[in-house]
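The structure file target_34.pdb is reproduced below (PDB, C-alpha atoms, pLDDT in the B column).
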ATOM      1  CA  MET S   1      21.078  42.342 -16.248  1.00 38.00           C
ATOM      2  CA  ARG S   2      19.527  42.415 -19.726  1.00 43.00           C
ATOM      3  CA  LEU S   3      21.133  39.073 -20.560  1.00 41.00           C
ATOM      4  CA  SER S   4      19.915  37.509 -17.335  1.00 45.00           C
ATOM      5  CA  THR S   5      16.380  38.724 -17.942  1.00 42.00           C
ATOM      6  CA  PHE S   6      16.511  37.417 -21.494  1.00 38.00           C
ATOM      7  CA  CYS S   7      17.712  34.014 -20.313  1.00 41.00           C
ATOM      8  CA  ILE S   8      14.964  33.826 -17.720  1.00 39.00           C
ATOM      9  CA  LEU S   9      12.322  34.682 -20.309  1.00 40.00           C
ATOM     10  CA  CYS S  10      13.702  32.040 -22.660  1.00 40.00           C
ATOM     11  CA  CYS S  11      13.551  29.411 -19.926  1.00 43.00           C
ATOM     12  CA  LEU S  12      10.003  30.357 -19.043  1.00 42.00           C
ATOM     13  CA  SER S  13       9.002  30.265 -22.683  1.00 40.00           C
ATOM     14  CA  ALA S  14      10.556  26.831 -23.144  1.00 42.00           C
ATOM     15  CA  GLY S  15       8.816  25.584 -20.016  1.00 43.00           C
ATOM     16  CA  ILE S  16       5.424  26.756 -21.174  1.00 45.00           C
ATOM     17  CA  SER S  17       5.898  25.214 -24.618  1.00 44.00           C
ATOM     18  CA  GLN S  18       6.442  21.770 -23.138  1.00 56.00           C
ATOM     19  CA  ALA S  19       3.068  21.595 -21.391  1.00 75.00           C
ATOM     20  CA  ALA S  20       1.232  18.805 -23.193  1.00 91.00           C
ATOM     21  CA  THR S  21      -0.656  15.528 -22.989  1.00 96.00           C
ATOM     22  CA  TYR S  22       1.761  12.664 -22.432  1.00 96.00           C
ATOM     23  CA  VAL S  23       0.786   9.122 -23.411  1.00 98.00           C
ATOM     24  CA  TRP S  24       2.529   6.163 -21.784  1.00 98.00           C
ATOM     25  CA  SER S  25       4.340   3.933 -24.283  1.00 98.00           C
ATOM     26  CA  GLY S  26       6.568   1.974 -21.903  1.00 98.00           C
ATOM     27  CA  ALA S  27       9.206   1.954 -24.646  1.00 98.00           C
ATOM     28  CA  ALA S  28      12.116   2.052 -22.195  1.00 96.00           C
ATOM     29  CA  GLY S  29      10.941  -1.247 -20.750  1.00 96.00           C
ATOM     30  CA  ASN S  30      11.664  -0.270 -17.142  1.00 94.00           C
ATOM     31  CA  GLY S  31       8.193   0.808 -15.977  1.00 95.00           C
ATOM     32  CA  ILE S  32       9.565   4.093 -14.578  1.00 93.00           C
ATOM     33  CA  TYR S  33       7.185   7.046 -14.677  1.00 92.00           C
ATOM     34  CA  GLY S  34      10.036   9.572 -14.576  1.00 89.00           C
ATOM     35  CA  ASP S  35      11.820   8.207 -17.666  1.00 91.00           C
ATOM     36  CA  SER S  36      11.043  10.422 -20.657  1.00 92.00           C
ATOM     37  CA  ASN S  37      11.647   7.491 -23.014  1.00 96.00           C
ATOM     38  CA  ASN S  38       8.435   5.906 -21.708  1.00 96.00           C
ATOM     39  CA  TRP S  39       6.262   8.788 -22.902  1.00 96.00           C
ATOM     40  CA  THR S  40       5.142  10.244 -26.207  1.00 97.00           C
ATOM     41  CA  VAL S  41       3.558  13.550 -27.154  1.00 96.00           C
ATOM     42  CA  ASP S  42       1.722  13.529 -30.471  1.00 95.00           C
ATOM     43  CA  GLY S  43       3.147  10.075 -31.154  1.00 95.00           C
ATOM     44  CA  ALA S  44       6.823  10.750 -30.428  1.00 96.00           C
ATOM     45  CA  PRO S  45       9.057  11.314 -27.358  1.00 94.00           C
ATOM     46  CA  ASN S  46       9.822  14.956 -26.610  1.00 92.00           C
ATOM     47  CA  GLY S  47      12.551  14.465 -24.016  1.00 92.00           C
ATOM     48  CA  TYR S  48      10.270  15.160 -21.069  1.00 90.00           C
ATOM     49  CA  PHE S  49       7.844  13.317 -18.844  1.00 90.00           C
ATOM     50  CA  PRO S  50       4.643  14.693 -17.293  1.00 89.00           C
ATOM     51  CA  GLN S  51       5.698  16.893 -14.404  1.00 80.00           C
ATOM     52  CA  HIS S  52       6.873  19.928 -16.289  1.00 66.00           C
ATOM     53  CA  SER S  53       3.812  22.131 -15.914  1.00 66.00           C
ATOM     54  CA  THR S  54       0.508  22.334 -14.093  1.00 73.00           C
ATOM     55  CA  ASN S  55      -0.989  22.035 -17.578  1.00 85.00           C
ATOM     56  CA  ASP S  56       0.540  18.609 -18.229  1.00 91.00           C
ATOM     57  CA  ASN S  57      -1.807  15.639 -18.562  1.00 95.00           C
ATOM     58  CA  ALA S  58      -0.696  12.012 -18.371  1.00 96.00           C
ATOM     59  CA  ILE S  59      -2.485   9.018 -19.884  1.00 98.00           C
ATOM     60  CA  ILE S  60      -1.563   5.466 -18.917  1.00 98.00           C
ATOM     61  CA  GLY S  61      -3.601   3.138 -21.116  1.00 98.00           C
ATOM     62  CA  GLU S  62      -5.198  -0.216 -20.410  1.00 98.00           C
ATOM     63  CA  ASN S  63      -3.178  -3.225 -19.251  1.00 98.00           C
ATOM     64  CA  ALA S  64       0.071  -1.276 -18.955  1.00 98.00           C
ATOM     65  CA  GLY S  65       1.131  -3.328 -15.943  1.00 98.00           C
ATOM     66  CA  THR S  66       2.759  -1.485 -13.041  1.00 98.00           C
ATOM     67  CA  VAL S  67       4.105   2.012 -13.593  1.00 96.00           C
ATOM     68  CA  THR S  68       6.301   3.257 -10.747  1.00 94.00           C
ATOM     69  CA  TRP S  69       7.338   6.708  -9.663  1.00 86.00           C
ATOM     70  CA  SER S  70      11.023   6.153  -8.880  1.00 73.00           C
ATOM     71  CA  THR S  71      12.234   6.401  -5.290  1.00 63.00           C
ATOM     72  CA  ALA S  72      15.181   8.405  -6.612  1.00 64.00           C
ATOM     73  CA  GLN S  73      12.872  11.298  -7.486  1.00 64.00           C
ATOM     74  CA  SER S  74      11.396  13.329  -4.682  1.00 57.00           C
ATOM     75  CA  PHE S  75       8.791  15.402  -6.517  1.00 62.00           C
ATOM     76  CA  PHE S  76       5.692  14.081  -8.278  1.00 70.00           C
ATOM     77  CA  GLY S  77       4.039  16.925 -10.161  1.00 68.00           C
ATOM     78  CA  ALA S  78       3.254  19.582 -11.117  1.00 76.00           C
ATOM     79  CA  THR S  79       0.653  17.771 -13.190  1.00 88.00           C
ATOM     80  CA  ASN S  80      -2.936  18.542 -13.983  1.00 92.00           C
ATOM     81  CA  THR S  81      -4.475  15.094 -14.515  1.00 95.00           C
ATOM     82  CA  VAL S  82      -3.226  11.513 -14.502  1.00 96.00           C
ATOM     83  CA  GLN S  83      -5.472   8.918 -16.149  1.00 98.00           C
ATOM     84  CA  VAL S  84      -4.911   5.234 -15.340  1.00 99.00           C
ATOM     85  CA  GLY S  85      -6.521   2.672 -17.641  1.00 99.00           C
ATOM     86  CA  SER S  86      -8.180  -0.563 -16.576  1.00 98.00           C
ATOM     87  CA  GLY S  87      -5.687  -3.295 -15.761  1.00 98.00           C
ATOM     88  CA  SER S  88      -2.931  -0.792 -14.958  1.00 99.00           C
ATOM     89  CA  THR S  89      -1.384   0.204 -11.629  1.00 99.00           C
ATOM     90  CA  LEU S  90       0.358   3.473 -10.791  1.00 97.00           C
ATOM     91  CA  VAL S  91       2.642   3.230  -7.752  1.00 95.00           C
ATOM     92  CA  CYS S  92       3.723   6.578  -6.314  1.00 92.00           C
ATOM     93  CA  THR S  93       6.670   5.663  -4.141  1.00 86.00           C
ATOM     94  CA  THR S  94       9.462   7.783  -2.773  1.00 77.00           C
ATOM     95  CA  THR S  95      11.975   7.792   0.046  1.00 75.00           C
ATOM     96  CA  ILE S  96      10.854  11.319   0.821  1.00 74.00           C
ATOM     97  CA  GLY S  97       8.818  13.660  -1.340  1.00 76.00           C
ATOM     98  CA  ASP S  98       5.543  15.365  -2.209  1.00 86.00           C
ATOM     99  CA  LEU S  99       2.709  14.598  -4.589  1.00 89.00           C
ATOM    100  CA  ASN S 100       1.419  17.500  -6.681  1.00 89.00           C
ATOM    101  CA  VAL S 101      -1.354  16.340  -9.006  1.00 92.00           C
ATOM    102  CA  ASN S 102      -4.754  17.967  -9.431  1.00 94.00           C
ATOM    103  CA  SER S 103      -6.700  14.817 -10.240  1.00 96.00           C
ATOM    104  CA  PHE S 104      -6.464  11.091 -10.907  1.00 98.00           C
ATOM    105  CA  THR S 105      -8.930   9.246 -13.128  1.00 99.00           C
ATOM    106  CA  LEU S 106      -9.145   5.545 -12.293  1.00 99.00           C
ATOM    107  CA  GLU S 107     -10.801   3.597 -15.091  1.00 98.00           C
ATOM    108  CA  GLY S 108     -12.157   0.069 -14.790  1.00 97.00           C
ATOM    109  CA  ASN S 109     -10.006  -2.184 -12.622  1.00 98.00           C
ATOM    110  CA  SER S 110      -7.124   0.254 -12.216  1.00 99.00           C
ATOM    111  CA  HIS S 111      -5.143   0.905  -9.068  1.00 99.00           C
ATOM    112  CA  LEU S 112      -3.410   3.889  -7.489  1.00 98.00           C
ATOM    113  CA  VAL S 113      -0.889   3.160  -4.738  1.00 97.00           C
ATOM    114  CA  PHE S 114       0.972   5.553  -2.429  1.00 95.00           C
ATOM    115  CA  GLU S 115       3.920   4.142  -0.483  1.00 92.00           C
ATOM    116  CA  SER S 116       7.114   5.337   1.181  1.00 90.00           C
ATOM    117  CA  SER S 117       9.787   3.934   3.466  1.00 87.00           C
ATOM    118  CA  ASN S 118      10.288   7.384   5.000  1.00 88.00           C
ATOM    119  CA  ALA S 119       7.956  10.311   4.311  1.00 89.00           C
ATOM    120  CA  PHE S 120       5.291  10.917   1.687  1.00 91.00           C
ATOM    121  CA  GLY S 121       3.493  14.257   1.559  1.00 93.00           C
ATOM    122  CA  LEU S 122       0.521  15.787  -0.212  1.00 94.00           C
ATOM    123  CA  GLY S 123       1.351  19.108  -1.795  1.00 92.00           C
ATOM    124  CA  ARG S 124      -2.207  19.987  -2.776  1.00 93.00           C
ATOM    125  CA  ASP S 125      -5.844  18.905  -2.727  1.00 97.00           C
ATOM    126  CA  PHE S 126      -6.736  16.437  -5.454  1.00 97.00           C
ATOM    127  CA  THR S 127      -9.692  14.632  -7.007  1.00 98.00           C
ATOM    128  CA  LEU S 128     -10.178  10.892  -7.471  1.00 99.00           C
ATOM    129  CA  ASP S 129     -12.509  10.266 -10.413  1.00 99.00           C
ATOM    130  CA  PHE S 130     -13.807   6.693 -10.683  1.00 98.00           C
ATOM    131  CA  GLY S 131     -15.951   7.382 -13.755  1.00 98.00           C
ATOM    132  CA  THR S 132     -18.882   4.988 -14.148  1.00 97.00           C
ATOM    133  CA  PHE S 133     -18.112   1.836 -12.189  1.00 97.00           C
ATOM    134  CA  THR S 134     -19.626  -1.462 -11.053  1.00 96.00           C
ATOM    135  CA  ALA S 135     -19.097  -3.879  -8.182  1.00 96.00           C
ATOM    136  CA  ALA S 136     -17.034  -6.112 -10.461  1.00 96.00           C
ATOM    137  CA  GLU S 137     -15.047  -3.376 -12.164  1.00 98.00           C
ATOM    138  CA  HIS S 138     -13.909  -0.320 -10.255  1.00 98.00           C
ATOM    139  CA  GLY S 139     -10.746   1.586  -9.465  1.00 98.00           C
ATOM    140  CA  SER S 140      -9.075   1.606  -6.067  1.00 99.00           C
ATOM    141  CA  TRP S 141      -6.694   3.789  -4.081  1.00 99.00           C
ATOM    142  CA  THR S 142      -4.348   2.306  -1.481  1.00 99.00           C
ATOM    143  CA  ALA S 143      -2.222   4.454   0.828  1.00 98.00           C
ATOM    144  CA  THR S 144      -1.307   2.204   3.743  1.00 98.00           C
ATOM    145  CA  ASP S 145       2.361   1.251   3.320  1.00 96.00           C
ATOM    146  CA  LEU S 146       3.685   4.635   4.453  1.00 95.00           C
ATOM    147  CA  THR S 147       6.109   5.172   7.313  1.00 94.00           C
ATOM    148  CA  ASN S 148       5.083   8.829   7.618  1.00 95.00           C
ATOM    149  CA  PHE S 149       2.070  10.146   5.739  1.00 96.00           C
ATOM    150  CA  TRP S 150       2.097  13.950   5.619  1.00 96.00           C
ATOM    151  CA  THR S 151      -1.474  14.697   4.590  1.00 98.00           C
ATOM    152  CA  ASN S 152      -1.111  18.357   5.622  1.00 97.00           C
ATOM    153  CA  GLY S 153      -4.844  18.875   6.065  1.00 98.00           C
ATOM    154  CA  LYS S 154      -5.486  18.399   2.348  1.00 98.00           C
ATOM    155  CA  THR S 155      -8.800  17.289   0.849  1.00 99.00           C
ATOM    156  CA  VAL S 156      -9.372  14.370  -1.496  1.00 99.00           C
ATOM    157  CA  THR S 157     -12.624  14.645  -3.433  1.00 99.00           C
ATOM    158  CA  PHE S 158     -14.198  11.415  -4.669  1.00 99.00           C
ATOM    159  CA  THR S 159     -16.297  11.532  -7.838  1.00 99.00           C
ATOM    160  CA  GLY S 160     -17.934   8.855  -9.970  1.00 98.00           C
ATOM    161  CA  THR S 161     -21.213   7.076 -10.669  1.00 98.00           C
ATOM    162  CA  LEU S 162     -22.145   3.593  -9.546  1.00 97.00           C
ATOM    163  CA  ASP S 163     -24.040   1.695 -12.255  1.00 95.00           C
ATOM    164  CA  MET S 164     -27.008   0.574 -10.174  1.00 93.00           C
ATOM    165  CA  ASN S 165     -28.387  -1.630 -12.971  1.00 90.00           C
ATOM    166  CA  SER S 166     -25.297  -3.841 -12.799  1.00 92.00           C
ATOM    167  CA  LEU S 167     -25.814  -4.819  -9.165  1.00 93.00           C
ATOM    168  CA  SER S 168     -27.286  -8.059  -7.892  1.00 92.00           C
ATOM    169  CA  GLY S 169     -27.473  -9.648  -4.471  1.00 94.00           C
ATOM    170  CA  SER S 170     -25.599  -7.749  -1.779  1.00 96.00           C
ATOM    171  CA  GLY S 171     -22.007  -6.793  -1.202  1.00 97.00           C
ATOM    172  CA  THR S 172     -19.384  -4.152  -0.502  1.00 98.00           C
ATOM    173  CA  ILE S 173     -17.275  -2.122  -2.921  1.00 98.00           C
ATOM    174  CA  GLU S 174     -13.979  -0.846  -1.500  1.00 99.00           C
ATOM    175  CA  LEU S 175     -12.798   2.325  -3.222  1.00 99.00           C
ATOM    176  CA  ALA S 176     -10.008   3.373  -0.873  1.00 99.00           C
ATOM    177  CA  SER S 177      -7.815   2.137   1.954  1.00 99.00           C
ATOM    178  CA  ILE S 178      -5.800   4.838   3.727  1.00 99.00           C
ATOM    179  CA  LYS S 179      -3.424   4.898   6.682  1.00 98.00           C
ATOM    180  CA  SER S 180      -5.258   6.711   9.472  1.00 98.00           C
ATOM    181  CA  ALA S 181      -2.104   7.876  11.317  1.00 98.00           C
ATOM    182  CA  GLN S 182      -1.302  11.153   9.572  1.00 98.00           C
ATOM    183  CA  GLN S 183       0.932  14.181  10.070  1.00 97.00           C
ATOM    184  CA  GLY S 184       0.507  17.895   9.420  1.00 97.00           C
ATOM    185  CA  GLY S 185      -3.288  17.872   9.699  1.00 98.00           C
ATOM    186  CA  ASN S 186      -5.670  15.013   9.002  1.00 97.00           C
ATOM    187  CA  LEU S 187      -6.816  14.209   5.492  1.00 98.00           C
ATOM    188  CA  ASN S 188     -10.326  15.319   4.579  1.00 98.00           C
ATOM    189  CA  LEU S 189     -12.337  12.896   2.447  1.00 99.00           C
ATOM    190  CA  ASP S 190     -15.132  14.542   0.471  1.00 99.00           C
ATOM    191  CA  LEU S 191     -17.480  11.784  -0.696  1.00 98.00           C
ATOM    192  CA  SER S 192     -20.278  14.063  -1.887  1.00 97.00           C
ATOM    193  CA  GLY S 193     -19.230  13.678  -5.526  1.00 98.00           C
ATOM    194  CA  LEU S 194     -20.061   9.962  -5.575  1.00 98.00           C
ATOM    195  CA  ASN S 195     -23.366   9.447  -7.370  1.00 97.00           C
ATOM    196  CA  ILE S 196     -24.967   6.539  -5.534  1.00 93.00           C
ATOM    197  CA  ALA S 197     -28.674   6.779  -6.292  1.00 86.00           C
ATOM    198  CA  SER S 198     -30.676   4.126  -4.465  1.00 82.00           C
ATOM    199  CA  ASN S 199     -33.915   3.032  -6.115  1.00 84.00           C
ATOM    200  CA  SER S 200     -36.752   0.584  -5.500  1.00 84.00           C
ATOM    201  CA  GLN S 201     -34.566  -2.348  -6.614  1.00 89.00           C
ATOM    202  CA  VAL S 202     -31.212  -1.447  -5.044  1.00 92.00           C
ATOM    203  CA  GLN S 203     -30.319   0.225  -1.765  1.00 94.00           C
ATOM    204  CA  ALA S 204     -26.759   1.561  -1.543  1.00 95.00           C
ATOM    205  CA  THR S 205     -24.880   3.724   0.940  1.00 96.00           C
ATOM    206  CA  VAL S 206     -21.416   5.269   1.036  1.00 97.00           C
ATOM    207  CA  THR S 207     -19.563   4.966   4.305  1.00 97.00           C
ATOM    208  CA  GLN S 208     -16.192   5.852   5.786  1.00 97.00           C
ATOM    209  CA  VAL S 209     -14.903   3.518   8.487  1.00 98.00           C
ATOM    210  CA  THR S 210     -11.654   3.309  10.433  1.00 98.00           C
ATOM    211  CA  GLU S 211     -10.377   0.117  12.007  1.00 95.00           C
ATOM    212  CA  ASN S 212      -6.960  -1.335  12.770  1.00 97.00           C
ATOM    213  CA  GLY S 213      -5.260   1.901  11.755  1.00 98.00           C
ATOM    214  CA  VAL S 214      -6.819   1.999   8.281  1.00 98.00           C
ATOM    215  CA  THR S 215      -9.584   4.259   6.985  1.00 98.00           C
ATOM    216  CA  LYS S 216     -11.696   2.765   4.215  1.00 99.00           C
ATOM    217  CA  VAL S 217     -14.203   4.254   1.806  1.00 99.00           C
ATOM    218  CA  LEU S 218     -16.882   1.645   1.186  1.00 99.00           C
ATOM    219  CA  ILE S 219     -20.132   1.318  -0.720  1.00 98.00           C
ATOM    220  CA  ASN S 220     -22.556  -1.194   0.772  1.00 97.00           C
ATOM    221  CA  TYR S 221     -25.379  -2.331  -1.472  1.00 96.00           C
ATOM    222  CA  GLU S 222     -28.311  -4.719  -1.348  1.00 95.00           C
ATOM    223  CA  THR S 223     -30.876  -5.564  -3.985  1.00 89.00           C
ATOM    224  CA  VAL S 224     -34.507  -5.647  -2.896  1.00 86.00           C
ATOM    225  CA  PRO S 225     -36.873  -8.302  -4.346  1.00 77.00           C
ATOM    226  CA  GLU S 226     -39.644  -6.753  -6.363  1.00 69.00           C
ATOM    227  CA  PRO S 227     -43.068  -7.006  -4.646  1.00 66.00           C
ATOM    228  CA  ALA S 228     -44.540  -8.403  -7.865  1.00 53.00           C
ATOM    229  CA  THR S 229     -42.273 -11.425  -7.597  1.00 49.00           C
ATOM    230  CA  ALA S 230     -43.699 -12.408  -4.230  1.00 48.00           C
ATOM    231  CA  THR S 231     -47.267 -11.853  -5.476  1.00 50.00           C
ATOM    232  CA  LEU S 232     -46.740 -14.024  -8.535  1.00 48.00           C
ATOM    233  CA  SER S 233     -45.263 -16.772  -6.386  1.00 55.00           C
ATOM    234  CA  LEU S 234     -48.350 -16.796  -4.160  1.00 53.00           C
ATOM    235  CA  LEU S 235     -50.661 -16.864  -7.176  1.00 53.00           C
ATOM    236  CA  GLY S 236     -48.724 -19.765  -8.636  1.00 56.00           C
ATOM    237  CA  LEU S 237     -48.939 -21.677  -5.381  1.00 50.00           C
ATOM    238  CA  GLY S 238     -52.688 -21.031  -5.157  1.00 55.00           C
ATOM    239  CA  SER S 239     -53.210 -22.257  -8.717  1.00 57.00           C
ATOM    240  CA  LEU S 240     -51.281 -25.448  -7.987  1.00 48.00           C
ATOM    241  CA  LEU S 241     -53.374 -26.148  -4.884  1.00 50.00           C
ATOM    242  CA  LEU S 242     -56.606 -25.674  -6.850  1.00 52.00           C
ATOM    243  CA  ARG S 243     -55.445 -28.117  -9.513  1.00 54.00           C
ATOM    244  CA  ARG S 244     -54.626 -30.755  -6.914  1.00 50.00           C
ATOM    245  CA  LYS S 245     -57.986 -30.226  -5.207  1.00 52.00           C
ATOM    246  CA  ARG S 246     -59.868 -30.753  -8.482  1.00 51.00           C
ATOM    247  CA  GLN S 247     -57.941 -33.937  -9.138  1.00 55.00           C
TER     248      GLN S 247
END
What do you get writing this file as structure tokens?
Amino acid sequence: MRLSTFCILCCLSAGISQAATYVWSGAAGNGIYGDSNNWTVDGAPNGYFPQHSTNDNAIIGENAGTVTWSTAQSFFGATNTVQVGSGSTLVCTTTIGDLNVNSFTLEGNSHLVFESSNAFGLGRDFTLDFGTFTAAEHGSWTATDLTNFWTNGKTVTFTGTLDMNSLSGSGTIELASIKSAQQGGNLNLDLSGLNIASNSQVQATVTQVTENGVTKVLINYETVPEPATATLSLLGLGSLLLRRKRQ
């Protein structure tokens, strides 16, 4: 009994010691998230990949291409945060399995994709952090190519700030596209963490719409011409008419 207890304590101690921040290197050249050779901790591989502890953090840098969670592995987690750099795509795909991540940070034009040919489940609530984004450069989450999407009544919290000064004209920003047919309790989308502050120049609204079996999270925006612009135009026209009249 003493030996068994000692072994258990050693295993637990080893597990705790491996919790770290993992940085994607892609050194294995296969694009597989679950290959420890693709990750470094403090600049060198440690024989693990980020799923060992709820304290693990994963960083996929800019322009890393497509990083895929292998279909041969049925458990994505337990991980605290996963950061995806601009120009990179993280595909969470499995034949059958659960996702267990506390939060994803989607920087710039990065993409997060959930897909499964059988069943994909959410093991916990999680946060999607879009940081500061623009209409031209923003992250996106796609979860439509799923045979069975076990959302289990979980909540996804959206956070981020739209740079209102970068907007011109009118348009729509699509942050998420999610399969609306769900099992185990519908997914709750909390959009209150999105900082979309309309002002006198730009009007913007966050909306959630469902059509053709897909739920989308959209930001509609429209810039409003400044009143001074119209006034100056009228003054200019009046001045031109006076000049012509004098001539």
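Closest approach to Gly185 (chain S) from the set S:Thr210, S:Gln83, S:Lys154, S:Thr132 is made by S:Lys154, with distances taken over all atoms listed in the file.
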Quiz item: Near Ala119 (chain S), within 7 Å and counting all atoms listed in the file, which residues show up once chain neighbours fewer than 6 positions away are dropped, as a ChimeraX atom specification?
Solution: /S:95-97,147-149
Output for the residues just chosen: C-alpha atoms as an mmCIF file, keeping the file's coordinate frame:
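Produced file selection.cif, reproduced below:
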data_model
loop_
_atom_site.group_PDB
_atom_site.id
_atom_site.type_symbol
_atom_site.label_atom_id
_atom_site.label_comp_id
_atom_site.auth_asym_id
_atom_site.auth_seq_id
_atom_site.Cartn_x
_atom_site.Cartn_y
_atom_site.Cartn_z
ATOM 1 C CA THR S 95 11.975 7.792 0.046
ATOM 2 C CA ILE S 96 10.854 11.319 0.821
ATOM 3 C CA GLY S 97 8.818 13.660 -1.340
ATOM 4 C CA THR S 147 6.109 5.172 7.313
ATOM 5 C CA ASN S 148 5.083 8.829 7.618
ATOM 6 C CA PHE S 149 2.070 10.146 5.739
#
Quiz item: Can you list, as a ChimeraX atom specification, the residues that the PyMOL selection byres ((chain S and resi 61) around 7) selects here?
Solution: /S:24,59-60,62-64,84-85
Exercise. Can you give me, as an MDAnalysis selection string, the residues this file yields under the PyMOL selection byres ((chain S and resi 87-89) around 10)?
Key: chainID S and resid 60:68 84:86 90:92 106:113 139:141
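CA of Leu167 (chain S) to CA of Thr205 (chain S) spans 13.3 Å [interatomic distance, one decimal].
Across S:Asp125, S:Asp163, S:Asp42, S:Glu115, the tightest approach to Thr151 (chain S) is made by S:Asp125 when counting only C-alpha atoms.
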Exercise. List, as a PyMOL selection string, every residue that the PyMOL selection byres ((chain S and resi 100) around 9) selects in the file provided.
Key: chain S and resi 51+54+75-80+98-99+101-102+122-126
Exercise. Considering all atoms listed in the file, state which residue in the set S:Gln182, S:Thr161, S:Ser170, S:Ser192 is at the smallest distance from Pro225 (chain S).
Key: S:Ser170
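Coordinates place CA of Glu137 (chain S) at a distance of 27.0 Å from CA of Asn38 (chain S).
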Practice problem: Identify, on the basis of only C-alpha atoms, every residue whose closest approach to Asn37 (chain S) does not exceed 7 Å; exclude the query and any residue fewer than 5 positions from it along the same chain; express the result as a list in words. | Solution: Ala27, Ala28 and Pro45 of chain S
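Across the structure, CA of Ala19 (chain S) and CA of Phe104 (chain S) are spaced 17.6 Å apart.
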